[in-house]
Amino acid sequence: MRPNVLIVDDDIESLEIMSLYLKSIANTATVNGGRQALEYVQQNPVDVILLDLYMPVMNGFQTVEEFRKLKECINVPIILMTGSNDKLTVLNSVVLGVDGFLVKPVQKDVLVQKVMEVYNKRQKERNKRTVLAIDDDMTYLKQINRFLHDSYNVIMINSAKLALEYLLKHTPDVILLDFQMPFYNGATVMNMIRKNTGGKNIPIILLSGVLDREVINECYSCNPAAYLAKPVSKETLIETIERALKQ
């Protein structure tokens, strides 16, 4: 199956060259800016995004952040491209959680290999059980992802609103839900999931950094599959998820 690749770059010549390089292995579309890319992914299916870092109006880092706010693009692999390979640029790419990094000018064989590598990796992940992790703290979400990505397909969402929108179209196998979030606490979000989406039978594991009796009682009044205190170890988290999946 040929992947649908979106190429985002303000340089028209680069768009043409990369599209030409990929035509034998992918269906390609090109846009010349971050805002146009955001509009495109909301209207068209995309399997991989090639994204130039240095663009006017919205640079690559800003565009990645906006992509991850869209339910259509929460988990689409992103490969950043830049003419610079300095340590700060690479570090920022890693922090953002992009799936690949290429230094321009990109050779054809290198580009094809990287696109197919991230595409095939994502296809394999689709065969794994899916864990939806909901937490307003992106740093903690990335830690959860590091714990789980080898064994599960992890979807990271940092707001209750986006999570509820995601659940209208997707059914994860288990949900990890932070109890202390702005606007709605975990108990409220859990009730909304049960009432307003197809999440009635999805096991939900609540996580909280607060251990007082009032919080614990409120958590258990929602009948979660489990309740875990933050910080949680990798071993405990995986054991709890597996137990919840068997219920």
# chains A, B, ... in the order shown; residues from 1 in each chain; ligands from 1
$ residues_around --residues "Pro172 (chain A)" --least-positions-apart "3" --cutoff "8 Å" --atoms "only C-alpha atoms" --output "list in words"
Arg129, Thr130, Val131, Leu132, Leu167, Ile175 and Ile202 of chain A
$ write_last_selection --atoms "N, CA, C and O atoms" --output "tab-separated table (two decimals), in the first residue's frame"
chain	number	residue	atom	x	y	z
A	129	ARG	N	-2.20	-3.06	20.82
A	129	ARG	CA	-3.28	-2.48	21.61
A	129	ARG	C	-3.04	-0.97	21.74
A	129	ARG	O	-1.90	-0.52	21.88
A	130	THR	N	-4.12	-0.20	21.74
A	130	THR	CA	-4.00	1.26	21.81
A	130	THR	C	-4.29	1.78	23.21
A	130	THR	O	-5.32	1.45	23.80
A	131	VAL	N	-3.38	2.58	23.72
A	131	VAL	CA	-3.54	3.25	25.01
A	131	VAL	C	-3.72	4.74	24.75
A	131	VAL	O	-2.86	5.39	24.15
A	132	LEU	N	-4.84	5.30	25.19
A	132	LEU	CA	-5.06	6.75	25.12
A	132	LEU	C	-4.65	7.36	26.45
A	132	LEU	O	-5.22	7.04	27.50
A	167	LEU	N	-12.38	10.50	20.93
A	167	LEU	CA	-13.17	9.32	21.27
A	167	LEU	C	-14.47	9.21	20.48
A	167	LEU	O	-15.08	8.14	20.43
A	175	ILE	N	-7.73	3.57	28.65
A	175	ILE	CA	-7.49	5.01	28.81
A	175	ILE	C	-6.74	5.26	30.10
A	175	ILE	O	-7.14	4.75	31.17
A	202	ILE	N	-14.80	0.97	27.84
A	202	ILE	CA	-13.34	1.07	27.80
A	202	ILE	C	-12.82	1.16	29.23
A	202	ILE	O	-13.25	2.03	30.00
$ select_by_dssp --residues "region 8-227 of chain A" --states "strand (DSSP E)" --output "PyMOL selection string"
chain A and resi 8+27-31+48-52+78-82+100-103+130-134+153-157+174-178+204-208+226-227
$ residues_around --residues "Cys222 (chain A)" --least-positions-apart "6" --cutoff "10 Å" --atoms "only C-alpha atoms" --output "number ranges by chain"
A: 186-188, 190-191, 194, 204, 206
$ closest_residue --among "A:Asp9, A:Glu72, A:Glu242, A:Asp178" --to "Asn44 (chain A)" --atoms "only C-alpha atoms"
A:Glu72
$ closest_residue --among "A:Cys73, A:Leu51, A:Leu148, A:Lys142" --to "Leu102 (chain A)" --atoms "only C-alpha atoms"
A:Leu51
$ closest_residue --among "A:Asn201, A:Gln143, A:Ser84, A:Asn27" --to "Leu245 (chain A)" --atoms "only C-alpha atoms"
A:Asn201
$ residues_around --residues "region 162-164 of chain A" --least-positions-apart "2" --cutoff "9 Å" --atoms "only C-alpha atoms" --output "PyMOL selection string"
chain A and resi 69-71+132-134+156-160+166-168+189+192-193+196-197
$ closest_residue --among "A:Ile17, A:Ile7, A:Gln62, A:Pro231" --to "Val41 (chain A)" --atoms "only C-alpha atoms"
A:Ile7
$ select_by_dssp --residues "region 21-172 of chain A" --states "helix (DSSP H, G or I)" --output "PDB file with N, CA, C and O atoms, in the first residue's frame"
ATOM      1  N   TYR A  21      11.165  12.703  -6.095  1.00  0.00           N
ATOM      2  CA  TYR A  21      11.897  11.609  -5.454  1.00  0.00           C
ATOM      3  C   TYR A  21      10.958  10.521  -4.940  1.00  0.00           C
ATOM      4  O   TYR A  21      11.303   9.328  -4.956  1.00  0.00           O
ATOM      5  N   LEU A  22       9.776  10.914  -4.476  1.00  0.00           N
ATOM      6  CA  LEU A  22       8.881   9.974  -3.788  1.00  0.00           C
ATOM      7  C   LEU A  22       7.798   9.377  -4.679  1.00  0.00           C
ATOM      8  O   LEU A  22       7.050   8.498  -4.236  1.00  0.00           O
ATOM      9  N   GLY A  34       2.865  26.409   6.868  1.00  0.00           N
ATOM     10  CA  GLY A  34       2.249  25.707   7.986  1.00  0.00           C
ATOM     11  C   GLY A  34       0.741  25.830   8.029  1.00  0.00           C
ATOM     12  O   GLY A  34       0.035  24.848   8.287  1.00  0.00           O
ATOM     13  N   ARG A  35       0.212  27.020   7.778  1.00  0.00           N
ATOM     14  CA  ARG A  35      -1.236  27.208   7.848  1.00  0.00           C
ATOM     15  C   ARG A  35      -1.952  26.396   6.763  1.00  0.00           C
ATOM     16  O   ARG A  35      -3.013  25.808   7.004  1.00  0.00           O
ATOM     17  N   GLN A  36      -1.366  26.381   5.566  1.00  0.00           N
ATOM     18  CA  GLN A  36      -1.946  25.573   4.492  1.00  0.00           C
ATOM     19  C   GLN A  36      -1.901  24.088   4.839  1.00  0.00           C
ATOM     20  O   GLN A  36      -2.821  23.328   4.518  1.00  0.00           O
ATOM     21  N   ALA A  37      -0.830  23.660   5.519  1.00  0.00           N
ATOM     22  CA  ALA A  37      -0.705  22.263   5.931  1.00  0.00           C
ATOM     23  C   ALA A  37      -1.796  21.890   6.932  1.00  0.00           C
ATOM     24  O   ALA A  37      -2.389  20.806   6.853  1.00  0.00           O
ATOM     25  N   LEU A  38      -2.071  22.791   7.883  1.00  0.00           N
ATOM     26  CA  LEU A  38      -3.103  22.528   8.885  1.00  0.00           C
ATOM     27  C   LEU A  38      -4.475  22.380   8.228  1.00  0.00           C
ATOM     28  O   LEU A  38      -5.271  21.519   8.617  1.00  0.00           O
ATOM     29  N   GLU A  39      -4.740  23.200   7.230  1.00  0.00           N
ATOM     30  CA  GLU A  39      -6.004  23.091   6.504  1.00  0.00           C
ATOM     31  C   GLU A  39      -6.067  21.775   5.723  1.00  0.00           C
ATOM     32  O   GLU A  39      -7.109  21.114   5.688  1.00  0.00           O
ATOM     33  N   TYR A  40      -4.943  21.397   5.116  1.00  0.00           N
ATOM     34  CA  TYR A  40      -4.924  20.190   4.280  1.00  0.00           C
ATOM     35  C   TYR A  40      -5.210  18.932   5.098  1.00  0.00           C
ATOM     36  O   TYR A  40      -6.024  18.088   4.681  1.00  0.00           O
ATOM     37  N   VAL A  41      -4.557  18.777   6.255  1.00  0.00           N
ATOM     38  CA  VAL A  41      -4.709  17.531   7.018  1.00  0.00           C
ATOM     39  C   VAL A  41      -6.110  17.372   7.597  1.00  0.00           C
ATOM     40  O   VAL A  41      -6.520  16.249   7.923  1.00  0.00           O
ATOM     41  N   GLY A  60       8.661  25.281  11.526  1.00  0.00           N
ATOM     42  CA  GLY A  60       8.353  23.861  11.677  1.00  0.00           C
ATOM     43  C   GLY A  60       7.961  23.472  13.089  1.00  0.00           C
ATOM     44  O   GLY A  60       7.029  22.680  13.290  1.00  0.00           O
ATOM     45  N   PHE A  61       8.649  24.008  14.093  1.00  0.00           N
ATOM     46  CA  PHE A  61       8.334  23.673  15.479  1.00  0.00           C
ATOM     47  C   PHE A  61       6.910  24.115  15.833  1.00  0.00           C
ATOM     48  O   PHE A  61       6.153  23.372  16.462  1.00  0.00           O
ATOM     49  N   GLN A  62       6.551  25.335  15.433  1.00  0.00           N
ATOM     50  CA  GLN A  62       5.196  25.830  15.706  1.00  0.00           C
ATOM     51  C   GLN A  62       4.145  25.000  14.985  1.00  0.00           C
ATOM     52  O   GLN A  62       3.078  24.714  15.537  1.00  0.00           O
ATOM     53  N   THR A  63       4.467  24.583  13.761  1.00  0.00           N
ATOM     54  CA  THR A  63       3.520  23.781  12.976  1.00  0.00           C
ATOM     55  C   THR A  63       3.307  22.413  13.614  1.00  0.00           C
ATOM     56  O   THR A  63       2.177  21.914  13.662  1.00  0.00           O
ATOM     57  N   VAL A  64       4.381  21.802  14.125  1.00  0.00           N
ATOM     58  CA  VAL A  64       4.242  20.507  14.811  1.00  0.00           C
ATOM     59  C   VAL A  64       3.297  20.645  16.005  1.00  0.00           C
ATOM     60  O   VAL A  64       2.398  19.810  16.212  1.00  0.00           O
ATOM     61  N   GLU A  65       3.476  21.701  16.785  1.00  0.00           N
ATOM     62  CA  GLU A  65       2.619  21.910  17.962  1.00  0.00           C
ATOM     63  C   GLU A  65       1.155  22.039  17.555  1.00  0.00           C
ATOM     64  O   GLU A  65       0.263  21.510  18.227  1.00  0.00           O
ATOM     65  N   GLU A  66       0.901  22.738  16.445  1.00  0.00           N
ATOM     66  CA  GLU A  66      -0.481  22.892  15.979  1.00  0.00           C
ATOM     67  C   GLU A  66      -1.022  21.587  15.405  1.00  0.00           C
ATOM     68  O   GLU A  66      -2.201  21.262  15.597  1.00  0.00           O
ATOM     69  N   PHE A  67      -0.185  20.828  14.706  1.00  0.00           N
ATOM     70  CA  PHE A  67      -0.609  19.514  14.203  1.00  0.00           C
ATOM     71  C   PHE A  67      -1.130  18.642  15.335  1.00  0.00           C
ATOM     72  O   PHE A  67      -2.159  17.977  15.205  1.00  0.00           O
ATOM     73  N   LYS A  71      -7.299  16.476  15.933  1.00  0.00           N
ATOM     74  CA  LYS A  71      -7.613  15.048  16.108  1.00  0.00           C
ATOM     75  C   LYS A  71      -7.210  14.241  14.880  1.00  0.00           C
ATOM     76  O   LYS A  71      -6.871  13.064  14.985  1.00  0.00           O
ATOM     77  N   GLU A  72      -7.208  14.885  13.681  1.00  0.00           N
ATOM     78  CA  GLU A  72      -6.818  14.181  12.471  1.00  0.00           C
ATOM     79  C   GLU A  72      -5.315  13.931  12.396  1.00  0.00           C
ATOM     80  O   GLU A  72      -4.850  13.141  11.568  1.00  0.00           O
ATOM     81  N   CYS A  73      -4.553  14.626  13.246  1.00  0.00           N
ATOM     82  CA  CYS A  73      -3.098  14.590  13.093  1.00  0.00           C
ATOM     83  C   CYS A  73      -2.374  14.260  14.403  1.00  0.00           C
ATOM     84  O   CYS A  73      -1.167  14.450  14.513  1.00  0.00           O
ATOM     85  N   LYS A  87      23.108  21.090  17.439  1.00  0.00           N
ATOM     86  CA  LYS A  87      22.599  20.293  18.557  1.00  0.00           C
ATOM     87  C   LYS A  87      21.265  20.816  19.083  1.00  0.00           C
ATOM     88  O   LYS A  87      20.394  20.032  19.463  1.00  0.00           O
ATOM     89  N   LEU A  88      21.082  22.141  19.121  1.00  0.00           N
ATOM     90  CA  LEU A  88      19.847  22.707  19.654  1.00  0.00           C
ATOM     91  C   LEU A  88      18.648  22.333  18.785  1.00  0.00           C
ATOM     92  O   LEU A  88      17.583  21.981  19.288  1.00  0.00           O
ATOM     93  N   THR A  89      18.846  22.384  17.475  1.00  0.00           N
ATOM     94  CA  THR A  89      17.765  22.020  16.556  1.00  0.00           C
ATOM     95  C   THR A  89      17.384  20.557  16.726  1.00  0.00           C
ATOM     96  O   THR A  89      16.202  20.209  16.792  1.00  0.00           O
ATOM     97  N   VAL A  90      18.383  19.698  16.793  1.00  0.00           N
ATOM     98  CA  VAL A  90      18.126  18.267  16.984  1.00  0.00           C
ATOM     99  C   VAL A  90      17.427  18.019  18.315  1.00  0.00           C
ATOM    100  O   VAL A  90      16.460  17.245  18.400  1.00  0.00           O
ATOM    101  N   LEU A  91      17.879  18.696  19.382  1.00  0.00           N
ATOM    102  CA  LEU A  91      17.282  18.523  20.709  1.00  0.00           C
ATOM    103  C   LEU A  91      15.819  18.960  20.711  1.00  0.00           C
ATOM    104  O   LEU A  91      14.961  18.261  21.253  1.00  0.00           O
ATOM    105  N   ASN A  92      15.527  20.100  20.095  1.00  0.00           N
ATOM    106  CA  ASN A  92      14.146  20.573  20.037  1.00  0.00           C
ATOM    107  C   ASN A  92      13.269  19.590  19.273  1.00  0.00           C
ATOM    108  O   ASN A  92      12.103  19.375  19.617  1.00  0.00           O
ATOM    109  N   SER A  93      13.828  18.973  18.240  1.00  0.00           N
ATOM    110  CA  SER A  93      13.084  17.986  17.469  1.00  0.00           C
ATOM    111  C   SER A  93      12.727  16.785  18.334  1.00  0.00           C
ATOM    112  O   SER A  93      11.605  16.277  18.296  1.00  0.00           O
ATOM    113  N   VAL A  94      13.691  16.336  19.128  1.00  0.00           N
ATOM    114  CA  VAL A  94      13.469  15.195  20.017  1.00  0.00           C
ATOM    115  C   VAL A  94      12.412  15.529  21.064  1.00  0.00           C
ATOM    116  O   VAL A  94      11.511  14.724  21.351  1.00  0.00           O
ATOM    117  N   VAL A  95      12.504  16.732  21.641  1.00  0.00           N
ATOM    118  CA  VAL A  95      11.552  17.154  22.678  1.00  0.00           C
ATOM    119  C   VAL A  95      10.128  17.184  22.128  1.00  0.00           C
ATOM    120  O   VAL A  95       9.181  16.795  22.809  1.00  0.00           O
ATOM    121  N   LEU A  96       9.983  17.618  20.877  1.00  0.00           N
ATOM    122  CA  LEU A  96       8.658  17.684  20.269  1.00  0.00           C
ATOM    123  C   LEU A  96       8.103  16.307  19.919  1.00  0.00           C
ATOM    124  O   LEU A  96       6.926  16.157  19.630  1.00  0.00           O
ATOM    125  N   LYS A 108      17.949  11.318  -2.572  1.00  0.00           N
ATOM    126  CA  LYS A 108      16.744  10.555  -2.884  1.00  0.00           C
ATOM    127  C   LYS A 108      16.648   9.271  -2.075  1.00  0.00           C
ATOM    128  O   LYS A 108      15.606   8.986  -1.470  1.00  0.00           O
ATOM    129  N   ASP A 109      17.729   8.475  -2.044  1.00  0.00           N
ATOM    130  CA  ASP A 109      17.662   7.189  -1.348  1.00  0.00           C
ATOM    131  C   ASP A 109      17.460   7.365   0.148  1.00  0.00           C
ATOM    132  O   ASP A 109      16.753   6.579   0.795  1.00  0.00           O
ATOM    133  N   VAL A 110      18.052   8.425   0.713  1.00  0.00           N
ATOM    134  CA  VAL A 110      17.881   8.705   2.141  1.00  0.00           C
ATOM    135  C   VAL A 110      16.434   9.100   2.437  1.00  0.00           C
ATOM    136  O   VAL A 110      15.832   8.644   3.425  1.00  0.00           O
ATOM    137  N   LEU A 111      15.854   9.936   1.584  1.00  0.00           N
ATOM    138  CA  LEU A 111      14.472  10.384   1.764  1.00  0.00           C
ATOM    139  C   LEU A 111      13.501   9.211   1.669  1.00  0.00           C
ATOM    140  O   LEU A 111      12.628   9.040   2.530  1.00  0.00           O
ATOM    141  N   VAL A 112      13.652   8.401   0.639  1.00  0.00           N
ATOM    142  CA  VAL A 112      12.763   7.248   0.449  1.00  0.00           C
ATOM    143  C   VAL A 112      12.861   6.286   1.632  1.00  0.00           C
ATOM    144  O   VAL A 112      11.847   5.806   2.154  1.00  0.00           O
ATOM    145  N   GLN A 113      14.092   6.036   2.069  1.00  0.00           N
ATOM    146  CA  GLN A 113      14.290   5.113   3.188  1.00  0.00           C
ATOM    147  C   GLN A 113      13.631   5.621   4.457  1.00  0.00           C
ATOM    148  O   GLN A 113      12.970   4.860   5.174  1.00  0.00           O
ATOM    149  N   LYS A 114      13.794   6.905   4.756  1.00  0.00           N
ATOM    150  CA  LYS A 114      13.230   7.456   5.992  1.00  0.00           C
ATOM    151  C   LYS A 114      11.701   7.464   5.945  1.00  0.00           C
ATOM    152  O   LYS A 114      11.039   7.128   6.945  1.00  0.00           O
ATOM    153  N   VAL A 115      11.130   7.850   4.821  1.00  0.00           N
ATOM    154  CA  VAL A 115       9.666   7.870   4.708  1.00  0.00           C
ATOM    155  C   VAL A 115       9.093   6.472   4.909  1.00  0.00           C
ATOM    156  O   VAL A 115       8.133   6.279   5.672  1.00  0.00           O
ATOM    157  N   MET A 116       9.674   5.468   4.251  1.00  0.00           N
ATOM    158  CA  MET A 116       9.165   4.114   4.388  1.00  0.00           C
ATOM    159  C   MET A 116       9.417   3.551   5.779  1.00  0.00           C
ATOM    160  O   MET A 116       8.611   2.773   6.303  1.00  0.00           O
ATOM    161  N   GLU A 117      10.507   3.972   6.401  1.00  0.00           N
ATOM    162  CA  GLU A 117      10.826   3.512   7.762  1.00  0.00           C
ATOM    163  C   GLU A 117       9.759   3.963   8.747  1.00  0.00           C
ATOM    164  O   GLU A 117       9.232   3.152   9.529  1.00  0.00           O
ATOM    165  N   VAL A 118       9.409   5.262   8.744  1.00  0.00           N
ATOM    166  CA  VAL A 118       8.422   5.754   9.711  1.00  0.00           C
ATOM    167  C   VAL A 118       7.019   5.257   9.356  1.00  0.00           C
ATOM    168  O   VAL A 118       6.197   4.992  10.233  1.00  0.00           O
ATOM    169  N   TYR A 119       6.740   5.103   8.054  1.00  0.00           N
ATOM    170  CA  TYR A 119       5.427   4.602   7.640  1.00  0.00           C
ATOM    171  C   TYR A 119       5.234   3.155   8.077  1.00  0.00           C
ATOM    172  O   TYR A 119       4.192   2.793   8.654  1.00  0.00           O
ATOM    173  N   ASN A 120       6.232   2.306   7.819  1.00  0.00           N
ATOM    174  CA  ASN A 120       6.127   0.893   8.205  1.00  0.00           C
ATOM    175  C   ASN A 120       6.072   0.717   9.714  1.00  0.00           C
ATOM    176  O   ASN A 120       5.362  -0.161  10.225  1.00  0.00           O
ATOM    177  N   LYS A 121       6.807   1.560  10.421  1.00  0.00           N
ATOM    178  CA  LYS A 121       6.766   1.509  11.889  1.00  0.00           C
ATOM    179  C   LYS A 121       5.366   1.807  12.392  1.00  0.00           C
ATOM    180  O   LYS A 121       4.846   1.133  13.287  1.00  0.00           O
ATOM    181  N   ARG A 122       4.739   2.833  11.822  1.00  0.00           N
ATOM    182  CA  ARG A 122       3.385   3.188  12.256  1.00  0.00           C
ATOM    183  C   ARG A 122       2.378   2.110  11.885  1.00  0.00           C
ATOM    184  O   ARG A 122       1.440   1.826  12.647  1.00  0.00           O
ATOM    185  N   GLN A 123       2.552   1.473  10.739  1.00  0.00           N
ATOM    186  CA  GLN A 123       1.652   0.389  10.348  1.00  0.00           C
ATOM    187  C   GLN A 123       1.730  -0.773  11.342  1.00  0.00           C
ATOM    188  O   GLN A 123       0.711  -1.366  11.698  1.00  0.00           O
ATOM    189  N   LYS A 124       2.949  -1.079  11.794  1.00  0.00           N
ATOM    190  CA  LYS A 124       3.116  -2.143  12.783  1.00  0.00           C
ATOM    191  C   LYS A 124       2.457  -1.763  14.108  1.00  0.00           C
ATOM    192  O   LYS A 124       1.864  -2.604  14.793  1.00  0.00           O
ATOM    193  N   GLU A 125       2.556  -0.482  14.472  1.00  0.00           N
ATOM    194  CA  GLU A 125       1.975  -0.027  15.730  1.00  0.00           C
ATOM    195  C   GLU A 125       0.460  -0.164  15.732  1.00  0.00           C
ATOM    196  O   GLU A 125      -0.161  -0.337  16.782  1.00  0.00           O
ATOM    197  N   MET A 138       2.486  17.770  29.119  1.00  0.00           N
ATOM    198  CA  MET A 138       3.092  17.076  27.975  1.00  0.00           C
ATOM    199  C   MET A 138       4.364  16.337  28.381  1.00  0.00           C
ATOM    200  O   MET A 138       4.684  15.285  27.825  1.00  0.00           O
ATOM    201  N   THR A 139       5.097  16.862  29.338  1.00  0.00           N
ATOM    202  CA  THR A 139       6.318  16.190  29.796  1.00  0.00           C
ATOM    203  C   THR A 139       5.976  14.828  30.380  1.00  0.00           C
ATOM    204  O   THR A 139       6.664  13.825  30.114  1.00  0.00           O
ATOM    205  N   TYR A 140       4.905  14.768  31.162  1.00  0.00           N
ATOM    206  CA  TYR A 140       4.506  13.489  31.753  1.00  0.00           C
ATOM    207  C   TYR A 140       3.970  12.540  30.683  1.00  0.00           C
ATOM    208  O   TYR A 140       4.231  11.333  30.716  1.00  0.00           O
ATOM    209  N   LEU A 141       3.243  13.081  29.699  1.00  0.00           N
ATOM    210  CA  LEU A 141       2.749  12.245  28.603  1.00  0.00           C
ATOM    211  C   LEU A 141       3.904  11.592  27.854  1.00  0.00           C
ATOM    212  O   LEU A 141       3.842  10.418  27.480  1.00  0.00           O
ATOM    213  N   LYS A 142       4.970  12.347  27.626  1.00  0.00           N
ATOM    214  CA  LYS A 142       6.126  11.795  26.920  1.00  0.00           C
ATOM    215  C   LYS A 142       6.821  10.715  27.740  1.00  0.00           C
ATOM    216  O   LYS A 142       7.348   9.747  27.189  1.00  0.00           O
ATOM    217  N   GLN A 143       6.789  10.873  29.067  1.00  0.00           N
ATOM    218  CA  GLN A 143       7.346   9.825  29.925  1.00  0.00           C
ATOM    219  C   GLN A 143       6.499   8.552  29.810  1.00  0.00           C
ATOM    220  O   GLN A 143       7.037   7.443  29.704  1.00  0.00           O
ATOM    221  N   ILE A 144       5.186   8.716  29.838  1.00  0.00           N
ATOM    222  CA  ILE A 144       4.288   7.573  29.658  1.00  0.00           C
ATOM    223  C   ILE A 144       4.557   6.889  28.325  1.00  0.00           C
ATOM    224  O   ILE A 144       4.609   5.653  28.220  1.00  0.00           O
ATOM    225  N   ASN A 145       4.744   7.698  27.288  1.00  0.00           N
ATOM    226  CA  ASN A 145       5.028   7.145  25.962  1.00  0.00           C
ATOM    227  C   ASN A 145       6.324   6.347  25.959  1.00  0.00           C
ATOM    228  O   ASN A 145       6.400   5.274  25.349  1.00  0.00           O
ATOM    229  N   ARG A 146       7.352   6.850  26.650  1.00  0.00           N
ATOM    230  CA  ARG A 146       8.618   6.120  26.724  1.00  0.00           C
ATOM    231  C   ARG A 146       8.430   4.780  27.427  1.00  0.00           C
ATOM    232  O   ARG A 146       9.038   3.777  27.047  1.00  0.00           O
ATOM    233  N   PHE A 147       7.598   4.760  28.456  1.00  0.00           N
ATOM    234  CA  PHE A 147       7.327   3.520  29.185  1.00  0.00           C
ATOM    235  C   PHE A 147       6.615   2.481  28.297  1.00  0.00           C
ATOM    236  O   PHE A 147       6.881   1.278  28.405  1.00  0.00           O
ATOM    237  N   LEU A 148       5.712   2.963  27.432  1.00  0.00           N
ATOM    238  CA  LEU A 148       4.761   2.055  26.807  1.00  0.00           C
ATOM    239  C   LEU A 148       4.952   1.801  25.308  1.00  0.00           C
ATOM    240  O   LEU A 148       4.385   0.842  24.777  1.00  0.00           O
ATOM    241  N   ALA A 160      -8.949  17.683  27.867  1.00  0.00           N
ATOM    242  CA  ALA A 160     -10.167  16.884  27.921  1.00  0.00           C
ATOM    243  C   ALA A 160     -10.991  17.069  26.647  1.00  0.00           C
ATOM    244  O   ALA A 160     -11.559  16.111  26.117  1.00  0.00           O
ATOM    245  N   LYS A 161     -11.048  18.294  26.131  1.00  0.00           N
ATOM    246  CA  LYS A 161     -11.839  18.590  24.933  1.00  0.00           C
ATOM    247  C   LYS A 161     -11.350  17.765  23.741  1.00  0.00           C
ATOM    248  O   LYS A 161     -12.142  17.134  23.039  1.00  0.00           O
ATOM    249  N   LEU A 162     -10.019  17.778  23.512  1.00  0.00           N
ATOM    250  CA  LEU A 162      -9.471  17.017  22.395  1.00  0.00           C
ATOM    251  C   LEU A 162      -9.673  15.513  22.581  1.00  0.00           C
ATOM    252  O   LEU A 162      -9.910  14.787  21.620  1.00  0.00           O
ATOM    253  N   ALA A 163      -9.569  15.070  23.827  1.00  0.00           N
ATOM    254  CA  ALA A 163      -9.753  13.643  24.107  1.00  0.00           C
ATOM    255  C   ALA A 163     -11.176  13.199  23.774  1.00  0.00           C
ATOM    256  O   ALA A 163     -11.383  12.149  23.160  1.00  0.00           O
ATOM    257  N   LEU A 164     -12.154  14.003  24.152  1.00  0.00           N
ATOM    258  CA  LEU A 164     -13.548  13.660  23.868  1.00  0.00           C
ATOM    259  C   LEU A 164     -13.814  13.677  22.362  1.00  0.00           C
ATOM    260  O   LEU A 164     -14.555  12.834  21.846  1.00  0.00           O
ATOM    261  N   GLU A 165     -13.199  14.615  21.645  1.00  0.00           N
ATOM    262  CA  GLU A 165     -13.344  14.651  20.190  1.00  0.00           C
ATOM    263  C   GLU A 165     -12.714  13.407  19.561  1.00  0.00           C
ATOM    264  O   GLU A 165     -13.270  12.823  18.630  1.00  0.00           O
ATOM    265  N   TYR A 166     -11.550  13.030  20.070  1.00  0.00           N
ATOM    266  CA  TYR A 166     -10.873  11.827  19.562  1.00  0.00           C
ATOM    267  C   TYR A 166     -11.755  10.594  19.773  1.00  0.00           C
ATOM    268  O   TYR A 166     -11.885   9.744  18.876  1.00  0.00           O
ATOM    269  N   LEU A 167     -12.376  10.500  20.930  1.00  0.00           N
ATOM    270  CA  LEU A 167     -13.168   9.317  21.272  1.00  0.00           C
ATOM    271  C   LEU A 167     -14.468   9.211  20.475  1.00  0.00           C
ATOM    272  O   LEU A 167     -15.078   8.140  20.430  1.00  0.00           O
ATOM    273  N   LEU A 168     -14.887  10.292  19.855  1.00  0.00           N
ATOM    274  CA  LEU A 168     -16.068  10.221  19.009  1.00  0.00           C
ATOM    275  C   LEU A 168     -15.817   9.382  17.758  1.00  0.00           C
ATOM    276  O   LEU A 168     -16.741   8.816  17.170  1.00  0.00           O
ATOM    277  N   LYS A 169     -14.541   9.285  17.336  1.00  0.00           N
ATOM    278  CA  LYS A 169     -14.200   8.565  16.111  1.00  0.00           C
ATOM    279  C   LYS A 169     -13.293   7.361  16.340  1.00  0.00           C
ATOM    280  O   LYS A 169     -13.080   6.576  15.422  1.00  0.00           O
TER     281      LYS A 169
END
$ closest_residue --among "A:Ser151, A:Thr82, A:Ser208, A:Asn223" --to "Asn59 (chain A)" --atoms "only C-alpha atoms"
A:Thr82
$ atom_distance --atom1 "CA of Leu207 (chain A)" --atom2 "CA of Gln180 (chain A)"
8.5 Å
$ atom_distance --atom1 "CA of Gly199 (chain A)" --atom2 "CA of Arg213 (chain A)"
27.0 Å
$ atom_distance --atom1 "CA of Thr240 (chain A)" --atom2 "CA of Pro77 (chain A)"
28.0 Å
$ residues_around --residues "Ala225 (chain A)" --least-positions-apart "2" --cutoff "6 Å" --atoms "only C-alpha atoms" --output "PDB file with N, CA and C atoms, in the first residue's frame"
ATOM      1  N   PRO A 203     -11.874   0.296  29.635  1.00  0.00           N
ATOM      2  CA  PRO A 203     -11.305   0.420  30.983  1.00  0.00           C
ATOM      3  C   PRO A 203     -10.533   1.730  31.118  1.00  0.00           C
ATOM      4  N   ILE A 204     -10.773   2.427  32.224  1.00  0.00           N
ATOM      5  CA  ILE A 204     -10.121   3.721  32.480  1.00  0.00           C
ATOM      6  C   ILE A 204      -9.298   3.619  33.759  1.00  0.00           C
ATOM      7  N   ILE A 205      -8.029   3.967  33.651  1.00  0.00           N
ATOM      8  CA  ILE A 205      -7.117   3.982  34.796  1.00  0.00           C
ATOM      9  C   ILE A 205      -6.854   5.428  35.174  1.00  0.00           C
ATOM     10  N   ALA A 244      -6.146  -4.497  33.517  1.00  0.00           N
ATOM     11  CA  ALA A 244      -7.374  -3.818  33.078  1.00  0.00           C
ATOM     12  C   ALA A 244      -7.882  -4.403  31.763  1.00  0.00           C
TER      13      ALA A 244
END
$ closest_residue --among "A:Pro224, A:Ser19, A:Phe179, A:Glu218" --to "Lys200 (chain A)" --atoms "only C-alpha atoms"
A:Pro224
$ decode --residues "region 38-42 of chain A" --atoms "N, CA and C atoms" --output "short mmCIF file (atom, residue, chain, number, x, y, z; two decimals), in the first residue's frame"
data_model
loop_
_atom_site.label_atom_id
_atom_site.label_comp_id
_atom_site.auth_asym_id
_atom_site.auth_seq_id
_atom_site.Cartn_x
_atom_site.Cartn_y
_atom_site.Cartn_z
N LEU A 38 -2.07 22.79 7.88
CA LEU A 38 -3.10 22.53 8.89
C LEU A 38 -4.47 22.38 8.23
N GLU A 39 -4.74 23.20 7.23
CA GLU A 39 -6.00 23.09 6.50
C GLU A 39 -6.07 21.77 5.72
N TYR A 40 -4.94 21.40 5.12
CA TYR A 40 -4.92 20.19 4.28
C TYR A 40 -5.21 18.93 5.10
N VAL A 41 -4.56 18.78 6.25
CA VAL A 41 -4.71 17.53 7.02
C VAL A 41 -6.11 17.37 7.60
N GLN A 42 -6.85 18.47 7.71
CA GLN A 42 -8.23 18.37 8.20
C GLN A 42 -9.20 17.92 7.11
#
